[in-house]
file data_12.cif (mmCIF, C-alpha atoms)
data_start
#
loop_
_atom_site.group_PDB
_atom_site.id
_atom_site.type_symbol
_atom_site.label_atom_id
_atom_site.label_comp_id
_atom_site.auth_asym_id
_atom_site.auth_seq_id
_atom_site.Cartn_x
_atom_site.Cartn_y
_atom_site.Cartn_z
ATOM 1 C CA MET A 157 0.000 0.000 0.000
ATOM 2 C CA LYS A 158 2.905 2.365 0.712
ATOM 3 C CA GLU A 159 4.307 1.779 -2.782
ATOM 4 C CA LEU A 160 0.918 2.416 -4.384
ATOM 5 C CA ALA A 161 0.667 5.637 -2.389
ATOM 6 C CA LEU A 162 4.021 6.750 -3.833
ATOM 7 C CA LEU A 163 2.820 5.944 -7.340
ATOM 8 C CA THR A 164 -0.429 7.802 -6.705
ATOM 9 C CA GLU A 165 1.514 10.840 -5.545
ATOM 10 C CA PHE A 166 3.812 10.768 -8.582
ATOM 11 C CA ILE A 167 0.951 10.552 -11.061
ATOM 12 C CA GLY A 168 -0.986 13.192 -9.164
ATOM 13 C CA GLN A 169 1.904 15.646 -9.414
ATOM 14 C CA HIS A 170 2.534 15.039 -13.129
ATOM 15 C CA ARG A 171 -0.660 15.260 -15.085
ATOM 16 C CA ARG A 172 0.426 14.478 -18.666
ATOM 17 C CA LEU A 173 2.488 11.311 -18.902
ATOM 18 C CA LEU A 174 4.776 9.873 -21.541
ATOM 19 C CA ILE A 175 4.221 6.146 -20.945
ATOM 20 C CA ILE A 176 6.634 3.428 -22.079
ATOM 21 C CA THR A 177 5.450 -0.181 -21.894
ATOM 22 C CA GLY A 178 7.319 -3.443 -22.298
ATOM 23 C CA ALA A 179 6.879 -7.187 -22.183
ATOM 24 C CA GLY A 180 5.851 -7.197 -18.513
ATOM 25 C CA CYS A 181 2.564 -5.577 -19.527
ATOM 26 C CA SER A 182 1.551 -8.586 -21.631
ATOM 27 C CA THR A 183 2.731 -11.603 -19.646
ATOM 28 C CA SER A 184 -0.627 -11.883 -17.873
ATOM 29 C CA SER A 185 -2.206 -12.079 -21.344
ATOM 30 C CA GLY A 186 -0.199 -15.244 -21.960
ATOM 31 C CA ILE A 187 2.675 -13.735 -23.960
ATOM 32 C CA PRO A 188 6.082 -14.746 -22.528
ATOM 33 C CA ALA A 189 8.747 -12.180 -21.666
ATOM 34 C CA TYR A 190 12.246 -12.065 -23.137
ATOM 35 C CA ARG A 191 14.176 -11.446 -19.916
ATOM 36 C CA ASP A 192 14.307 -12.447 -16.258
ATOM 37 C CA ARG A 193 14.361 -10.098 -13.256
ATOM 38 C CA LEU A 194 18.079 -9.473 -13.751
ATOM 39 C CA GLY A 195 17.656 -8.504 -17.390
ATOM 40 C CA ASN A 196 19.144 -11.767 -18.706
ATOM 41 C CA TRP A 197 17.708 -13.634 -21.688
ATOM 42 C CA LEU A 198 15.271 -16.392 -20.727
ATOM 43 C CA ALA A 199 16.019 -18.279 -23.945
ATOM 44 C CA ARG A 200 18.433 -18.001 -26.829
ATOM 45 C CA LYS A 201 18.680 -14.582 -28.367
ATOM 46 C CA PRO A 202 15.984 -13.801 -30.947
ATOM 47 C CA ILE A 203 16.488 -13.396 -34.675
ATOM 48 C CA GLN A 204 18.631 -10.468 -35.723
ATOM 49 C CA HIS A 205 17.327 -8.032 -38.325
ATOM 50 C CA GLN A 206 20.129 -8.457 -40.865
ATOM 51 C CA GLU A 207 20.023 -12.231 -40.521
ATOM 52 C CA PHE A 208 16.388 -12.264 -41.586
ATOM 53 C CA LEU A 209 17.089 -9.993 -44.553
ATOM 54 C CA ASN A 210 20.162 -11.855 -45.779
ATOM 55 C CA GLN A 211 19.739 -15.520 -44.864
ATOM 56 C CA GLU A 212 17.081 -17.815 -46.315
ATOM 57 C CA ALA A 213 17.709 -20.315 -43.508
ATOM 58 C CA THR A 214 16.849 -17.635 -40.941
ATOM 59 C CA ARG A 215 13.620 -16.785 -42.764
ATOM 60 C CA LYS A 216 12.686 -20.478 -42.792
ATOM 61 C CA ARG A 217 13.418 -20.689 -39.075
ATOM 62 C CA TYR A 218 11.196 -17.683 -38.426
ATOM 63 C CA TRP A 219 8.220 -18.859 -40.476
ATOM 64 C CA ALA A 220 8.403 -22.462 -39.237
ATOM 65 C CA ARG A 221 8.320 -21.385 -35.609
ATOM 66 C CA SER A 222 5.804 -18.619 -36.229
ATOM 67 C CA MET A 223 3.497 -21.039 -38.043
ATOM 68 C CA LEU A 224 2.981 -22.788 -34.715
ATOM 69 C CA GLY A 225 3.419 -19.810 -32.388
ATOM 70 C CA TRP A 226 1.232 -17.237 -34.148
ATOM 71 C CA PRO A 227 -2.133 -18.622 -32.916
ATOM 72 C CA ASN A 228 -0.993 -18.108 -29.299
ATOM 73 C CA MET A 229 -0.271 -14.456 -30.078
ATOM 74 C CA ARG A 230 -3.411 -14.026 -32.189
ATOM 75 C CA ASP A 231 -5.688 -15.345 -29.453
ATOM 76 C CA ALA A 232 -4.143 -13.316 -26.596
ATOM 77 C CA GLN A 233 -6.565 -10.813 -25.055
ATOM 78 C CA PRO A 234 -5.911 -7.337 -23.590
ATOM 79 C CA ASN A 235 -5.581 -7.395 -19.812
ATOM 80 C CA GLY A 236 -6.464 -4.828 -17.165
ATOM 81 C CA LEU A 237 -3.483 -2.620 -17.956
ATOM 82 C CA HIS A 238 -4.242 -2.493 -21.673
ATOM 83 C CA ASN A 239 -7.890 -1.734 -20.917
ATOM 84 C CA THR A 240 -7.107 0.977 -18.358
ATOM 85 C CA LEU A 241 -4.707 3.108 -20.383
ATOM 86 C CA PRO A 242 -7.354 4.215 -22.933
ATOM 87 C CA ALA A 243 -9.359 5.639 -20.014
ATOM 88 C CA TRP A 244 -6.283 7.586 -18.895
ATOM 89 C CA GLU A 245 -5.956 8.850 -22.465
ATOM 90 C CA GLN A 246 -9.594 9.962 -22.613
ATOM 91 C CA ALA A 247 -9.060 11.860 -19.365
ATOM 92 C CA GLY A 248 -6.188 13.790 -20.954
ATOM 93 C CA ARG A 249 -3.519 12.145 -18.834
ATOM 94 C CA VAL A 250 -1.479 10.588 -21.669
ATOM 95 C CA GLU A 251 0.827 12.645 -23.881
ATOM 96 C CA LEU A 252 1.835 9.510 -25.764
ATOM 97 C CA LEU A 253 1.972 5.775 -25.159
ATOM 98 C CA ILE A 254 5.134 4.178 -26.543
ATOM 99 C CA THR A 255 5.111 0.406 -26.530
ATOM 100 C CA GLN A 256 8.013 -1.897 -27.267
ATOM 101 C CA ASN A 257 5.533 -4.749 -27.688
ATOM 102 C CA VAL A 258 4.512 -5.995 -31.127
ATOM 103 C CA ASP A 259 1.444 -7.899 -29.913
ATOM 104 C CA GLY A 260 -1.061 -5.172 -30.838
ATOM 105 C CA LEU A 261 -2.877 -5.416 -27.503
ATOM 106 C CA HIS A 262 -2.732 -1.679 -26.748
ATOM 107 C CA ARG A 263 -4.274 -0.970 -30.153
ATOM 108 C CA ARG A 264 -6.981 -3.595 -29.644
ATOM 109 C CA ALA A 265 -7.790 -2.183 -26.202
ATOM 110 C CA GLY A 266 -8.461 1.246 -27.724
ATOM 111 C CA SER A 267 -5.315 3.333 -27.163
ATOM 112 C CA ASN A 268 -5.056 5.936 -29.936
ATOM 113 C CA LYS A 269 -2.174 8.174 -28.839
ATOM 114 C CA LEU A 270 0.086 5.234 -29.501
ATOM 115 C CA VAL A 271 3.444 4.520 -31.117
ATOM 116 C CA GLU A 272 4.201 0.831 -31.629
ATOM 117 C CA LEU A 273 7.940 1.385 -31.567
ATOM 118 C CA HIS A 274 8.934 -1.971 -33.002
ATOM 119 C CA GLY A 275 5.919 -2.435 -35.279
ATOM 120 C CA ARG A 276 3.279 -5.133 -35.004
ATOM 121 C CA VAL A 277 3.549 -8.817 -35.724
ATOM 122 C CA GLY A 278 -0.077 -9.025 -36.872
ATOM 123 C CA ARG A 279 0.877 -7.359 -40.143
ATOM 124 C CA VAL A 280 3.275 -8.592 -42.826
ATOM 125 C CA THR A 281 5.147 -6.520 -45.396
ATOM 126 C CA CYS A 282 6.848 -7.344 -48.692
ATOM 127 C CA LEU A 283 10.525 -6.461 -48.958
ATOM 128 C CA GLN A 284 10.170 -5.895 -52.705
ATOM 129 C CA CYS A 285 6.904 -3.989 -53.313
ATOM 130 C CA SER A 286 6.313 -2.721 -49.716
ATOM 131 C CA SER A 287 2.680 -3.895 -49.736
ATOM 132 C CA PHE A 288 1.053 -5.077 -46.513
ATOM 133 C CA ASP A 289 -0.927 -8.207 -45.734
ATOM 134 C CA ASP A 290 -2.758 -9.509 -42.688
ATOM 135 C CA ARG A 291 -0.870 -12.104 -40.675
ATOM 136 C CA ASN A 292 -3.926 -14.381 -40.555
ATOM 137 C CA ALA A 293 -4.068 -14.465 -44.351
ATOM 138 C CA VAL A 294 -0.379 -15.327 -44.492
ATOM 139 C CA GLN A 295 -0.955 -18.052 -41.898
ATOM 140 C CA GLN A 296 -3.497 -19.710 -44.165
ATOM 141 C CA ARG A 297 -1.045 -19.758 -47.073
ATOM 142 C CA LEU A 298 1.795 -20.897 -44.795
ATOM 143 C CA GLU A 299 -0.222 -23.866 -43.534
ATOM 144 C CA ALA A 300 -1.425 -24.772 -47.035
ATOM 145 C CA LEU A 301 2.152 -24.828 -48.349
ATOM 146 C CA ASN A 302 3.546 -26.794 -45.394
ATOM 147 C CA GLY A 303 0.817 -29.168 -44.252
ATOM 148 C CA GLU A 304 3.095 -32.173 -43.729
ATOM 149 C CA LEU A 305 5.647 -30.175 -41.744
ATOM 150 C CA LEU A 306 2.901 -28.591 -39.658
ATOM 151 C CA ALA A 307 1.525 -32.028 -38.780
ATOM 152 C CA ARG A 308 4.979 -33.159 -37.590
ATOM 153 C CA ILE A 309 5.580 -29.988 -35.600
ATOM 154 C CA ALA A 310 2.152 -30.199 -34.003
ATOM 155 C CA GLN A 311 3.088 -33.573 -32.487
ATOM 156 C CA ALA A 312 6.167 -32.142 -30.764
ATOM 157 C CA ASP A 313 6.430 -30.633 -27.313
ATOM 158 C CA VAL A 314 5.809 -26.943 -27.882
ATOM 159 C CA ASP A 315 7.275 -24.126 -25.795
ATOM 160 C CA PHE A 316 5.735 -20.783 -26.715
ATOM 161 C CA ARG A 317 8.162 -17.866 -26.862
ATOM 162 C CA PRO A 318 7.737 -14.097 -27.031
ATOM 163 C CA ASP A 319 6.129 -12.389 -30.011
ATOM 164 C CA GLY A 320 4.522 -15.421 -31.634
ATOM 165 C CA ASP A 321 7.650 -17.558 -31.634
ATOM 166 C CA ALA A 322 7.635 -21.232 -30.598
ATOM 167 C CA GLU A 323 10.278 -23.829 -29.758
ATOM 168 C CA PHE A 324 9.504 -27.395 -30.838
ATOM 169 C CA GLY A 325 12.664 -29.424 -30.470
ATOM 170 C CA GLY A 326 14.889 -30.883 -33.167
ATOM 171 C CA ILE A 327 12.419 -31.188 -36.036
ATOM 172 C CA ASP A 328 13.997 -30.434 -39.414
ATOM 173 C CA TYR A 329 12.257 -27.472 -41.048
ATOM 174 C CA SER A 330 14.799 -26.875 -43.827
ATOM 175 C CA GLY A 331 12.186 -27.896 -46.401
ATOM 176 C CA LEU A 332 9.709 -25.234 -45.317
ATOM 177 C CA VAL A 333 8.213 -23.209 -48.159
ATOM 178 C CA CYS A 334 8.048 -19.519 -47.238
ATOM 179 C CA PRO A 335 4.842 -17.942 -48.569
ATOM 180 C CA PRO A 336 5.572 -15.326 -51.245
ATOM 181 C CA CYS A 337 3.951 -11.900 -51.495
ATOM 182 C CA ALA A 338 0.441 -12.230 -52.927
ATOM 183 C CA HIS A 339 0.995 -9.052 -54.982
ATOM 184 C CA CYS A 340 4.444 -9.487 -56.550
ATOM 185 C CA GLY A 341 5.817 -12.843 -55.387
ATOM 186 C CA GLY A 342 8.483 -11.118 -53.288
ATOM 187 C CA THR A 343 9.896 -11.947 -49.865
ATOM 188 C CA LEU A 344 7.613 -11.442 -46.872
ATOM 189 C CA MET A 345 8.688 -10.172 -43.471
ATOM 190 C CA PRO A 346 6.632 -9.449 -40.352
ATOM 191 C CA ASP A 347 6.126 -5.700 -40.011
ATOM 192 C CA VAL A 348 8.450 -5.504 -37.019
ATOM 193 C CA VAL A 349 11.897 -4.210 -36.181
ATOM 194 C CA PHE A 350 13.891 -7.282 -35.285
ATOM 195 C CA PHE A 351 16.718 -7.010 -32.767
ATOM 196 C CA GLY A 352 19.586 -5.092 -34.315
ATOM 197 C CA GLY A 353 17.303 -3.206 -36.681
ATOM 198 C CA SER A 354 16.567 0.521 -36.707
ATOM 199 C CA VAL A 355 13.301 2.096 -35.644
ATOM 200 C CA PRO A 356 11.981 4.349 -38.443
ATOM 201 C CA LYS A 357 13.145 7.930 -37.966
ATOM 202 C CA GLN A 358 9.617 9.369 -38.056
ATOM 203 C CA ARG A 359 8.564 7.219 -35.084
ATOM 204 C CA VAL A 360 11.597 8.282 -33.070
ATOM 205 C CA GLU A 361 10.974 11.967 -33.815
ATOM 206 C CA ARG A 362 7.343 11.716 -32.707
ATOM 207 C CA CYS A 363 8.423 10.082 -29.443
ATOM 208 C CA ASN A 364 11.115 12.698 -28.824
ATOM 209 C CA MET A 365 8.560 15.487 -29.250
ATOM 210 C CA ALA A 366 6.211 13.766 -26.808
ATOM 211 C CA VAL A 367 8.965 13.458 -24.181
ATOM 212 C CA ALA A 368 9.571 17.199 -24.497
ATOM 213 C CA CYS A 369 5.853 17.984 -24.091
ATOM 214 C CA ALA A 370 5.111 15.560 -21.250
ATOM 215 C CA ASP A 371 5.262 16.418 -17.563
ATOM 216 C CA ALA A 372 6.922 13.110 -16.675
ATOM 217 C CA VAL A 373 7.793 9.642 -17.950
ATOM 218 C CA LEU A 374 6.168 6.483 -16.589
ATOM 219 C CA VAL A 375 7.766 3.135 -17.499
ATOM 220 C CA LEU A 376 5.595 0.043 -17.104
ATOM 221 C CA GLY A 377 6.907 -3.516 -17.324
ATOM 222 C CA SER A 378 10.132 -2.878 -19.231
ATOM 223 C CA SER A 379 13.767 -3.503 -18.365
ATOM 224 C CA LEU A 380 14.710 -0.839 -20.963
ATOM 225 C CA MET A 381 17.666 -2.990 -21.952
ATOM 226 C CA VAL A 382 17.231 -2.171 -25.633
ATOM 227 C CA TYR A 383 18.417 1.274 -26.666
ATOM 228 C CA SER A 384 15.330 1.988 -28.785
ATOM 229 C CA SER A 385 13.276 2.670 -25.653
ATOM 230 C CA PHE A 386 16.036 3.552 -23.185
ATOM 231 C CA ARG A 387 16.891 6.623 -25.289
ATOM 232 C CA PHE A 388 13.606 8.278 -24.262
ATOM 233 C CA CYS A 389 14.473 7.981 -20.578
ATOM 234 C CA ARG A 390 17.879 9.428 -21.317
ATOM 235 C CA LEU A 391 16.247 12.331 -23.159
ATOM 236 C CA ALA A 392 13.825 12.840 -20.276
ATOM 237 C CA ARG A 393 16.723 13.079 -17.838
ATOM 238 C CA GLU A 394 18.474 15.617 -20.100
ATOM 239 C CA LEU A 395 15.259 17.680 -20.099
ATOM 240 C CA ASN A 396 14.838 17.325 -16.302
ATOM 241 C CA LYS A 397 11.613 15.361 -16.698
ATOM 242 C CA PRO A 398 10.816 13.135 -13.698
ATOM 243 C CA ILE A 399 10.851 9.377 -14.335
ATOM 244 C CA ALA A 400 8.915 6.654 -12.524
ATOM 245 C CA ILE A 401 9.558 2.976 -13.259
ATOM 246 C CA ILE A 402 7.194 0.134 -12.324
ATOM 247 C CA ASN A 403 8.950 -3.140 -13.086
ATOM 248 C CA GLN A 404 9.683 -6.429 -11.359
ATOM 249 C CA GLY A 405 13.429 -6.493 -11.767
ATOM 250 C CA VAL A 406 16.352 -4.296 -12.694
ATOM 251 C CA THR A 407 16.181 -1.798 -15.545
ATOM 252 C CA ARG A 408 18.769 0.076 -17.538
ATOM 253 C CA ALA A 409 17.401 3.383 -16.212
ATOM 254 C CA ASP A 410 17.237 2.585 -12.483
ATOM 255 C CA ASP A 411 19.860 5.214 -11.690
ATOM 256 C CA MET A 412 17.830 7.844 -13.569
ATOM 257 C CA ALA A 413 14.509 7.158 -11.872
ATOM 258 C CA ASP A 414 12.934 9.508 -9.363
ATOM 259 C CA LEU A 415 10.716 6.599 -8.343
ATOM 260 C CA LYS A 416 11.371 2.870 -8.851
ATOM 261 C CA LEU A 417 8.808 0.358 -7.608
ATOM 262 C CA GLU A 418 9.132 -3.419 -7.777
ATOM 263 C CA LEU A 419 5.436 -3.954 -8.432
ATOM 264 C CA GLU A 420 3.538 -6.115 -10.887
ATOM 265 C CA CYS A 421 2.625 -3.423 -13.396
ATOM 266 C CA VAL A 422 -0.814 -4.720 -14.423
ATOM 267 C CA ALA A 423 -2.070 -4.767 -10.821
ATOM 268 C CA ALA A 424 -0.502 -1.363 -10.121
ATOM 269 C CA VAL A 425 -2.185 0.298 -13.106
ATOM 270 C CA GLU A 426 -5.544 -1.290 -12.323
ATOM 271 C CA ALA A 427 -5.269 0.072 -8.779
ATOM 272 C CA MET A 428 -4.840 3.602 -10.180
ATOM 273 C CA ARG A 429 -7.937 3.483 -12.402
ATOM 274 C CA PRO A 430 -10.608 4.676 -9.926
ATOM 275 C CA TRP A 431 -9.109 8.162 -9.549
ATOM 276 C CA ILE A 432 -6.742 8.885 -12.430
ATOM 277 C CA THR A 433 -9.556 9.074 -15.001
ATOM 278 C CA GLU A 434 -10.788 12.436 -13.689
ATOM 279 C CA PRO A 435 -10.451 14.818 -16.700
ATOM 280 C CA LEU A 436 -7.853 17.563 -16.652
ATOM 281 C CA ALA A 437 -9.157 20.978 -15.631
#
call {"tool": "encode", "arguments": {"input": "data_12.cif", "output": "C-alpha cells"}}
result
Amino acid sequence: MKELALLTEFIGQHRRLLIITGAGCSTSSGIPAYRDRLGNWLARKPIQHQEFLNQEATRKRYWARSMLGWPNMRDAQPNGLHNTLPAWEQAGRVELLITQNVDGLHRRAGSNKLVELHGRVGRVTCLQCSSFDDRNAVQQRLEALNGELLARIAQADVDFRPDGDAEFGGIDYSGLVCPPCAHCGGTLMPDVVFFGGSVPKQRVERCNMAVACADAVLVLGSSLMVYSSFRFCRLARELNKPIAIINQGVTRADDMADLKLELECVAAVEAMRPWITEPLA
C-alpha cells in the first residue's frame, strides 16, 4: 500500500504522462517475456534483423516457428493494464503511449495516442513492393504450403516464446516453403523491427517530441535494456523530466529514476484506475 501511495503521488503531481510499456505488460495475457528479473535472456537470443534480410535459412526458421506460435499471439486478449490506459488517455492524462511490444494489444484495447515502436507482428510486409498483408491471411497460405511439416511440428512438445515464436525441439524445417507476397511474389517479413534493426526515424521523432511535451515519464513492465526505448528515458533526464519505473526487476534506467517500484505493473495500473480518469481541468 505504501508503494501504491508513492505511485499515486507521482501521477498526481505530473498530469500528462509519456508512458513506455514493455513485455511485462503482456505476460498476464499469456505472452512470454524475453528477460528475467536481472535482465538476462530467458532463452536463446531472438532473430537479428540483418540475418532475416540476408539468410534464407533464418527466414525459414522464423516462419516455421511462427506457423505454430502465431495462434498463441493471435488469441491473446488485452488485460487490465491495456484496458485501463485508454481511459487515462480519454481523461487527458497521456501525452503519448510508446510500446516496445509488437502484440497489438494496446491498439486492440483502444489506445489511440500510440506509437508501436517496433511495429506489429499481426501485419506482414513485402521487402520488394512494400505492400502489406494480414498475418492471418499469411498463416493460411503458410499452412497450405507446409501441411506435412505442420503435422509433424504439431506432435512435438511446444514451448511458446515471445512475439509469436515457438520452440519445438529438433524437427527439421529446412524444407519449409516460405509464402511469397500475394501481390508481386516477393519476400515477406513481419512488419516488425527485429533485434539489431533501426526504428523508423519518423517514429523516433514523434516520441522525442512527446517526451519534451510531457510532464513526466512512466515506465511500465520494461527492463529498458534495448536502446530503442532507453533513449527516451535518457532524453527525459536531459530535459529534467521526472521518471517513474514500475517493473519487477532491474532496468537500464534505475539510476535515472525519481521513483522505482518493484510492483507487478498490471495490478498497479488497475489500482490507479478509480481516480486517475478524472479529466484535466
call {"tool": "closest_residue", "arguments": {"input": "data_12.cif", "among": "A:Arg249, A:Arg317, A:Arg393, A:Arg221", "to": "A:Arg171", "atoms": "only C-alpha atoms"}}
result
A:Arg249
call {"tool": "resolve_selection", "arguments": {"input": "data_12.cif", "expression": "the PyMOL selection byres ((chain A and resi 218) around 10)", "output": "short mmCIF file (atom, residue, chain, number, x, y, z; two decimals) with C-alpha atoms, in the frame of the given file"}}
result
data_model
loop_
_atom_site.label_atom_id
_atom_site.label_comp_id
_atom_site.auth_asym_id
_atom_site.auth_seq_id
_atom_site.Cartn_x
_atom_site.Cartn_y
_atom_site.Cartn_z
CA PRO A 202 15.98 -13.80 -30.95
CA ILE A 203 16.49 -13.40 -34.67
CA PHE A 208 16.39 -12.26 -41.59
CA GLU A 212 17.08 -17.82 -46.32
CA ALA A 213 17.71 -20.32 -43.51
CA THR A 214 16.85 -17.64 -40.94
CA ARG A 215 13.62 -16.78 -42.76
CA LYS A 216 12.69 -20.48 -42.79
CA ARG A 217 13.42 -20.69 -39.08
CA TRP A 219 8.22 -18.86 -40.48
CA ALA A 220 8.40 -22.46 -39.24
CA ARG A 221 8.32 -21.38 -35.61
CA SER A 222 5.80 -18.62 -36.23
CA MET A 223 3.50 -21.04 -38.04
CA GLY A 320 4.52 -15.42 -31.63
CA ASP A 321 7.65 -17.56 -31.63
CA ALA A 322 7.64 -21.23 -30.60
CA CYS A 334 8.05 -19.52 -47.24
CA MET A 345 8.69 -10.17 -43.47
CA PRO A 346 6.63 -9.45 -40.35
#
call {"tool": "resolve_selection", "arguments": {"input": "data_12.cif", "expression": "the PyMOL selection byres ((chain A and resi 271) around 9)", "output": "VMD selection string"}}
result
chain A and resid 252 to 256 268 to 270 272 to 275 359 362 to 363
call {"tool": "resolve_selection", "arguments": {"input": "data_12.cif", "expression": "the PyMOL selection byres ((chain A and resi 316) around 12)", "output": "NGL selection string"}}
result
:A and (183 or 186-190 or 199 or 221-229 or 313-315 or 317-325)
call {"tool": "residues_around", "arguments": {"input": "data_12.cif", "residues": "A:Cys282", "least_positions_apart": "6", "cutoff": "8 Å", "atoms": "only C-alpha atoms", "output": "PyMOL selection string"}}
result
chain A and resi 288+337+342-345
